[in-house]
file run-v1.cif (mmCIF, C-alpha atoms)
data_entry
loop_
_atom_site.label_atom_id
_atom_site.label_comp_id
_atom_site.auth_asym_id
_atom_site.auth_seq_id
_atom_site.Cartn_x
_atom_site.Cartn_y
_atom_site.Cartn_z
CA MET A 1189 -75.23 1.93 -42.59
CA GLN A 1190 -78.08 1.22 -40.27
CA PRO A 1191 -80.65 -1.38 -41.34
CA HIS A 1192 -83.42 0.00 -43.53
CA ALA A 1193 -81.69 3.36 -43.87
CA LEU A 1194 -81.88 5.46 -46.99
CA PRO A 1195 -78.57 5.06 -48.81
CA ARG A 1196 -76.27 8.06 -48.83
CA ALA A 1197 -75.92 8.34 -52.60
CA SER A 1198 -73.32 10.88 -53.74
CA SER A 1199 -74.61 14.31 -52.68
CA ARG A 1200 -78.22 13.24 -52.30
CA GLY A 1201 -78.17 13.99 -48.60
CA LEU A 1202 -80.76 11.43 -47.58
CA CYS A 1203 -80.63 10.77 -43.87
CA ASP A 1204 -79.94 7.14 -42.93
CA GLU A 1205 -81.74 7.58 -39.62
CA GLY A 1206 -85.34 8.47 -38.86
CA THR A 1207 -86.77 5.69 -36.73
CA ASP A 1208 -87.28 6.02 -32.99
CA GLY A 1209 -88.82 2.62 -32.56
CA THR A 1210 -92.34 4.02 -32.55
CA PRO A 1211 -94.74 1.77 -34.48
CA LEU A 1212 -96.30 3.22 -37.60
CA PRO A 1213 -99.79 4.61 -36.98
CA HIS A 1214 -102.67 2.25 -37.64
CA ARG A 1215 -104.73 3.17 -40.69
CA ARG A 1216 -108.15 1.95 -41.70
CA ILE A 1217 -107.16 0.62 -45.11
CA THR A 1218 -109.07 -2.10 -46.92
CA ARG A 1219 -106.08 -3.23 -49.00
CA SER A 1220 -102.39 -2.51 -49.38
CA PRO A 1221 -101.63 0.35 -51.77
CA THR A 1222 -99.55 -0.26 -54.87
CA VAL A 1223 -96.44 1.93 -54.89
CA ALA A 1224 -94.00 2.98 -57.61
CA VAL A 1225 -90.67 4.73 -56.94
CA LEU A 1226 -89.03 7.28 -59.24
CA ALA A 1227 -85.60 8.34 -57.97
CA GLY A 1228 -82.99 10.58 -59.52
CA ASP A 1229 -80.17 8.06 -59.07
CA PRO A 1230 -80.01 4.24 -59.32
CA LEU A 1231 -78.66 3.64 -55.80
CA THR A 1232 -81.50 5.55 -54.14
CA GLN A 1233 -84.01 3.86 -56.46
CA GLN A 1234 -82.74 0.40 -55.49
CA GLY A 1235 -82.53 1.20 -51.79
CA VAL A 1236 -86.04 2.62 -51.45
CA VAL A 1237 -87.58 -0.13 -53.57
CA ALA A 1238 -85.79 -2.83 -51.54
CA TYR A 1239 -87.00 -1.36 -48.25
CA LEU A 1240 -90.60 -0.92 -49.36
CA ARG A 1241 -90.69 -4.45 -50.75
CA SER A 1242 -89.69 -5.70 -47.30
CA ARG A 1243 -92.77 -4.08 -45.75
CA PRO A 1244 -96.11 -5.93 -45.79
CA GLN A 1245 -98.12 -2.68 -45.78
CA VAL A 1246 -97.41 -1.91 -49.45
CA ASP A 1247 -97.16 -3.66 -52.81
CA VAL A 1248 -94.26 -2.27 -54.88
CA LEU A 1249 -94.55 -2.05 -58.67
CA GLU A 1250 -91.80 -1.86 -61.25
CA ARG A 1251 -90.86 1.66 -62.30
CA GLU A 1252 -92.37 1.21 -65.77
CA ASP A 1253 -95.72 0.35 -64.16
CA SER A 1254 -96.02 3.71 -62.37
CA ALA A 1255 -99.15 4.65 -64.36
CA ARG A 1256 -101.23 2.16 -62.37
CA ALA A 1257 -99.78 2.89 -58.92
CA ASP A 1258 -101.93 4.08 -56.02
CA MET A 1259 -98.99 5.99 -54.56
CA LEU A 1260 -95.98 7.40 -56.39
CA VAL A 1261 -92.79 8.30 -54.49
CA VAL A 1262 -90.58 10.81 -56.34
CA LEU A 1263 -87.09 11.39 -54.94
CA ASP A 1264 -84.64 14.02 -56.14
CA THR A 1265 -81.86 16.17 -54.72
CA ASP A 1266 -83.53 19.48 -55.59
CA VAL A 1267 -86.92 20.32 -57.05
CA THR A 1268 -86.10 21.48 -60.56
CA SER A 1269 -88.17 22.21 -63.64
CA THR A 1270 -87.46 18.62 -64.69
CA THR A 1271 -88.80 17.32 -61.37
CA LEU A 1272 -91.97 19.38 -61.73
CA ALA A 1273 -92.43 18.29 -65.34
CA GLU A 1274 -92.07 14.63 -64.30
CA ILE A 1275 -94.70 15.03 -61.58
CA ARG A 1276 -97.12 16.71 -63.98
CA SER A 1277 -96.49 14.03 -66.59
CA GLU A 1278 -97.03 11.18 -64.13
CA ALA A 1279 -100.23 12.78 -62.81
CA GLN A 1280 -101.65 13.39 -66.27
CA GLY A 1281 -100.59 10.00 -67.59
CA SER A 1282 -101.82 7.95 -64.66
CA ALA A 1283 -104.39 5.26 -65.39
CA ASN A 1284 -105.38 5.35 -61.70
CA ALA A 1285 -107.75 8.19 -60.86
CA GLN A 1286 -106.90 7.82 -57.16
CA MET A 1287 -103.12 8.01 -57.60
CA ARG A 1288 -101.32 10.35 -55.17
CA ILE A 1289 -97.73 11.56 -55.03
CA VAL A 1290 -95.16 11.92 -52.24
CA LEU A 1291 -92.11 14.05 -53.08
CA VAL A 1292 -88.77 13.77 -51.25
CA ALA A 1293 -86.22 16.51 -51.94
CA ASN A 1294 -83.96 18.95 -50.12
CA SER A 1295 -86.49 21.79 -50.23
CA ILE A 1296 -89.47 23.17 -52.12
CA THR A 1297 -90.48 26.79 -52.72
CA GLU A 1298 -93.95 28.28 -52.50
CA ARG A 1299 -94.01 28.71 -56.25
CA GLN A 1300 -93.10 25.06 -56.81
CA LEU A 1301 -95.72 23.97 -54.27
CA LYS A 1302 -98.33 26.00 -56.15
CA ASP A 1303 -97.26 24.24 -59.33
CA VAL A 1304 -97.66 20.66 -58.07
CA ILE A 1305 -100.35 20.85 -55.41
CA GLY A 1306 -102.96 20.49 -58.13
CA HIS A 1307 -101.15 17.51 -59.65
CA ARG A 1308 -101.92 14.94 -56.97
CA LEU A 1309 -99.15 15.89 -54.54
CA VAL A 1310 -100.17 14.91 -51.00
CA GLY A 1311 -96.80 14.81 -49.28
CA PHE A 1312 -93.43 16.54 -49.19
CA LEU A 1313 -90.53 15.29 -47.06
CA PRO A 1314 -87.22 17.16 -46.55
CA ARG A 1315 -84.61 14.76 -47.87
CA ARG A 1316 -81.84 15.34 -45.33
CA GLN A 1317 -84.15 14.58 -42.40
CA THR A 1318 -86.01 11.69 -44.02
CA GLY A 1319 -85.44 8.00 -43.40
CA MET A 1320 -87.13 4.95 -44.85
CA GLN A 1321 -89.76 4.74 -42.14
CA GLN A 1322 -90.86 8.33 -42.79
CA ILE A 1323 -91.30 7.55 -46.48
CA LEU A 1324 -93.43 4.51 -45.66
CA ALA A 1325 -95.47 6.53 -43.16
CA ALA A 1326 -96.05 9.29 -45.73
CA VAL A 1327 -97.17 6.72 -48.30
CA LEU A 1328 -99.64 5.18 -45.86
CA ASP A 1329 -100.85 8.62 -44.78
CA GLY A 1330 -101.43 9.61 -48.40
CA TRP A 1331 -103.26 6.37 -49.10
CA ALA A 1332 -105.44 6.98 -46.03
CA GLY A 1333 -106.36 10.42 -47.37
CA ASN A 1334 -104.12 12.60 -45.24
CA ALA A 1335 -101.61 15.17 -46.53
CA ARG A 1336 -98.06 15.79 -45.32
CA LEU A 1337 -97.16 19.24 -46.60
CA PRO A 1338 -94.81 21.77 -44.96
CA ALA A 1339 -97.03 23.81 -42.64
CA ALA A 1340 -95.02 27.02 -42.99
CA LEU A 1341 -95.18 26.92 -46.78
CA VAL A 1342 -98.90 26.18 -46.77
CA ARG A 1343 -99.53 29.10 -44.40
CA ASN A 1344 -97.44 31.42 -46.58
CA LEU A 1345 -99.22 30.19 -49.70
CA ILE A 1346 -102.58 30.92 -48.13
CA GLU A 1347 -101.47 34.38 -47.05
CA ASP A 1348 -100.13 35.14 -50.52
CA LEU A 1349 -103.41 34.13 -52.10
CA ARG A 1350 -105.62 36.11 -49.72
CA VAL A 1351 -105.23 39.05 -52.08
CA LEU A 1352 -107.83 37.36 -54.25
CA GLN A 1353 -110.40 38.48 -51.69
CA GLY A 1354 -109.70 42.03 -52.77
CA THR A 1355 -110.18 41.25 -56.44
CA GLY A 1356 -113.76 40.14 -56.19
CA ALA A 1357 -113.08 36.41 -55.89
CA SER A 1358 -115.72 34.54 -53.93
CA PRO A 1359 -116.01 30.99 -52.59
CA VAL A 1360 -118.27 29.86 -55.41
CA GLY A 1361 -119.28 26.22 -54.99
CA PHE A 1362 -118.39 25.92 -51.29
CA THR A 1363 -120.96 25.49 -48.55
CA GLU A 1364 -120.23 26.92 -45.09
CA ARG A 1365 -119.50 23.43 -43.78
CA GLU A 1366 -117.11 22.74 -46.68
CA ILE A 1367 -115.29 26.00 -46.00
CA ASP A 1368 -114.82 24.98 -42.35
CA ILE A 1369 -113.56 21.55 -43.39
CA VAL A 1370 -111.11 22.86 -45.99
CA ARG A 1371 -109.76 25.49 -43.59
CA LEU A 1372 -109.00 22.79 -41.03
CA LEU A 1373 -107.42 20.58 -43.70
CA ALA A 1374 -105.14 23.50 -44.59
CA GLU A 1375 -104.02 23.58 -40.96
CA GLY A 1376 -103.07 19.90 -41.09
CA TRP A 1377 -106.07 18.40 -39.26
CA THR A 1378 -107.07 14.80 -40.02
CA THR A 1379 -110.66 13.89 -40.93
CA GLU A 1380 -111.07 12.30 -37.52
CA GLU A 1381 -109.96 15.49 -35.76
CA ILE A 1382 -112.16 17.65 -38.01
CA ALA A 1383 -115.17 15.46 -37.29
CA GLU A 1384 -114.61 15.79 -33.54
CA LYS A 1385 -114.17 19.57 -33.72
CA LEU A 1386 -117.20 20.22 -35.94
CA GLY A 1387 -119.46 17.69 -34.25
CA TYR A 1388 -119.96 15.36 -37.22
CA SER A 1389 -119.12 11.73 -37.82
CA GLU A 1390 -115.89 10.99 -39.67
CA ARG A 1391 -117.97 9.42 -42.46
CA THR A 1392 -119.90 12.69 -42.87
CA ILE A 1393 -116.65 14.64 -43.24
CA LYS A 1394 -115.30 12.17 -45.82
CA ASN A 1395 -118.60 12.27 -47.73
CA ALA A 1396 -118.57 16.07 -47.71
CA LEU A 1397 -115.03 16.12 -49.12
CA HIS A 1398 -115.90 13.55 -51.77
CA SER A 1399 -118.97 15.56 -52.79
CA LEU A 1400 -116.90 18.76 -52.97
CA ASN A 1401 -114.18 17.14 -55.09
CA VAL A 1402 -116.68 15.59 -57.51
CA ARG A 1403 -118.76 18.79 -57.80
CA LEU A 1404 -115.77 21.07 -58.46
CA GLY A 1405 -113.65 18.58 -60.40
CA LEU A 1406 -110.90 18.48 -57.77
CA ARG A 1407 -108.42 15.61 -57.60
CA ASN A 1408 -107.87 15.21 -53.88
CA ARG A 1409 -107.85 17.01 -50.53
CA ALA A 1410 -104.63 18.89 -51.25
CA HIS A 1411 -106.20 20.14 -54.49
CA ALA A 1412 -109.29 21.24 -52.51
CA VAL A 1413 -107.03 23.23 -50.16
CA GLY A 1414 -105.23 24.81 -53.10
CA HIS A 1415 -108.52 25.64 -54.81
CA GLY A 1416 -109.89 27.18 -51.62
CA ALA A 1417 -106.74 29.24 -51.24
CA ARG A 1418 -107.06 30.53 -54.79
CA LEU A 1419 -110.61 31.62 -54.00
CA GLY A 1420 -109.41 33.38 -50.85
CA ILE A 1421 -111.56 31.42 -48.36
CA LEU A 1422 -108.70 30.20 -46.17
#

call {"tool": "encode", "arguments": {"input": "run-v1.cif", "output": "structure tokens"}}
result
Amino acid sequence: MQPHALPRASSRGLCDEGTDGTPLPHRRITRSPTVAVLAGDPLTQQGVVAYLRSRPQVDVLEREDSARADMLVVLDTDVTSTTLAEIRSEAQGSANAQMRIVLVANSITERQLKDVIGHRLVGFLPRRQTGMQQILAAVLDGWAGNARLPAALVRNLIEDLRVLQGTGASPVGFTEREIDIVRLLAEGWTTEEIAEKLGYSERTIKNALHSLNVRLGLRNRAHAVGHGARLGIL
């Protein structure tokens, strides 16, 4: 086994590669996020926790302390009804209003993505192609406010929900600028890239997203994208 590789536990299919030597991207973070790990088998749980504890960028909590984590990493072989129920339960039971979730599993369907995108999910990683470094990068991305969701599924989800435009749904509560921002978020743009494209400062984009989330009672940027899709504005 290579150093820092995800353990190959039974049929879990987690790749024990995934690092090309490229340093993790620098993030403007004021403190290290607290992270809790919930895995479907003990070997994977121990391996991921051990790796993350070796990294100075994060502070790993015990599994029973997941309610106060900034970032929650959920690992399973397949996304089942039990997996979805656990994500919903963790999101609803969290004592941390800013908590976000990264899911690692073999695959996820559009229907499952619809189910969890409003429950603080900001990242999905395909298990067979995911190594430890990718998990750490996804955690740091989520903590920095960026989402890692499968682009093809997000595009299909948006297309599926466009039918709402024909049912009289309207983008109630969105300004034109917010619509532009959310559309670019849905395409995977970062706040820095959105700011450059729209001609605003990055702080203005972040403030606009915060204002939108507070005004509409949204949990995070992924939830804003899902809400916009449901309204048919994407």

call {"tool": "closest_residue", "arguments": {"input": "run-v1.cif", "among": "A:Ala1396, A:Leu1328, A:Ala1293, A:Ile1382", "to": "Asp1247 (chain A)", "atoms": "all atoms listed in the file"}}
result
A:Leu1328

call {"tool": "resolve_selection", "arguments": {"input": "run-v1.cif", "expression": "the PyMOL selection byres ((chain A and resi 1275-1283) around 9)", "output": "PDB file with C-alpha atoms, keeping the file's coordinate frame"}}
result
ATOM      1  CA  SER A1254     -96.020   3.710 -62.370  1.00  0.00           C
ATOM      2  CA  ALA A1255     -99.150   4.650 -64.360  1.00  0.00           C
ATOM      3  CA  ARG A1256    -101.230   2.160 -62.370  1.00  0.00           C
ATOM      4  CA  ALA A1257     -99.780   2.890 -58.920  1.00  0.00           C
ATOM      5  CA  LEU A1260     -95.980   7.400 -56.390  1.00  0.00           C
ATOM      6  CA  VAL A1262     -90.580  10.810 -56.340  1.00  0.00           C
ATOM      7  CA  THR A1270     -87.460  18.620 -64.690  1.00  0.00           C
ATOM      8  CA  THR A1271     -88.800  17.320 -61.370  1.00  0.00           C
ATOM      9  CA  LEU A1272     -91.970  19.380 -61.730  1.00  0.00           C
ATOM     10  CA  ALA A1273     -92.430  18.290 -65.340  1.00  0.00           C
ATOM     11  CA  GLU A1274     -92.070  14.630 -64.300  1.00  0.00           C
ATOM     12  CA  ASN A1284    -105.380   5.350 -61.700  1.00  0.00           C
ATOM     13  CA  ALA A1285    -107.750   8.190 -60.860  1.00  0.00           C
ATOM     14  CA  GLN A1286    -106.900   7.820 -57.160  1.00  0.00           C
ATOM     15  CA  MET A1287    -103.120   8.010 -57.600  1.00  0.00           C
ATOM     16  CA  ARG A1288    -101.320  10.350 -55.170  1.00  0.00           C
ATOM     17  CA  ILE A1289     -97.730  11.560 -55.030  1.00  0.00           C
ATOM     18  CA  LEU A1291     -92.110  14.050 -53.080  1.00  0.00           C
ATOM     19  CA  ASP A1303     -97.260  24.240 -59.330  1.00  0.00           C
ATOM     20  CA  VAL A1304     -97.660  20.660 -58.070  1.00  0.00           C
ATOM     21  CA  HIS A1307    -101.150  17.510 -59.650  1.00  0.00           C
ATOM     22  CA  ARG A1308    -101.920  14.940 -56.970  1.00  0.00           C
ATOM     23  CA  LEU A1309     -99.150  15.890 -54.540  1.00  0.00           C
TER      24      LEU A1309
END

call {"tool": "residues_around", "arguments": {"input": "run-v1.cif", "residues": "Val1327 (chain A)", "least_positions_apart": "2", "cutoff": "12 Å", "atoms": "all atoms listed in the file", "output": "NGL selection string"}}
result
:A and (1212-1213 or 1215 or 1220-1225 or 1240 or 1243 or 1245-1248 or 1257-1262 or 1287-1292 or 1309-1313 or 1320-1325 or 1329-1336)

call {"tool": "atom_distance", "arguments": {"input": "run-v1.cif", "atom1": "CA of Leu1249 (chain A)", "atom2": "CA of Val1237 (chain A)"}}
result
8.8 Å

call {"tool": "atom_distance", "arguments": {"input": "run-v1.cif", "atom1": "CA of Pro1314 (chain A)", "atom2": "CA of Ile1369 (chain A)"}}
result
26.9 Å

call {"tool": "atom_distance", "arguments": {"input": "run-v1.cif", "atom1": "CA of Asp1253 (chain A)", "atom2": "CA of Arg1241 (chain A)"}}
result
15.1 Å

call {"tool": "closest_residue", "arguments": {"input": "run-v1.cif", "among": "A:Ser1399, A:Ser1269, A:Thr1363, A:Thr1232", "to": "Gly1416 (chain A)", "atoms": "only C-alpha atoms"}}
result
A:Thr1363

call {"tool": "resolve_selection", "arguments": {"input": "run-v1.cif", "expression": "the PyMOL selection byres ((chain A and resi 1265) around 6)", "output": "CSV table (one decimal) with C-alpha atoms, keeping the file's coordinate frame"}}
result
chain,number,residue,atom,x,y,z
A,1200,ARG,CA,-78.2,13.2,-52.3
A,1264,ASP,CA,-84.6,14.0,-56.1
A,1266,ASP,CA,-83.5,19.5,-55.6
A,1293,ALA,CA,-86.2,16.5,-51.9
A,1294,ASN,CA,-84.0,19.0,-50.1

call {"tool": "residues_around", "arguments": {"input": "run-v1.cif", "residues": "region 1389-1394 of chain A", "least_positions_apart": "2", "cutoff": "10 Å", "atoms": "all atoms listed in the file", "output": "ChimeraX atom specification"}}
result
/A:1333,1365-1366,1369,1378-1384,1386-1387,1396-1400

call {"tool": "closest_residue", "arguments": {"input": "run-v1.cif", "among": "A:His1411, A:Ile1367, A:Leu1263, A:Glu1298", "to": "Arg1316 (chain A)", "atoms": "all atoms listed in the file"}}
result
A:Leu1263
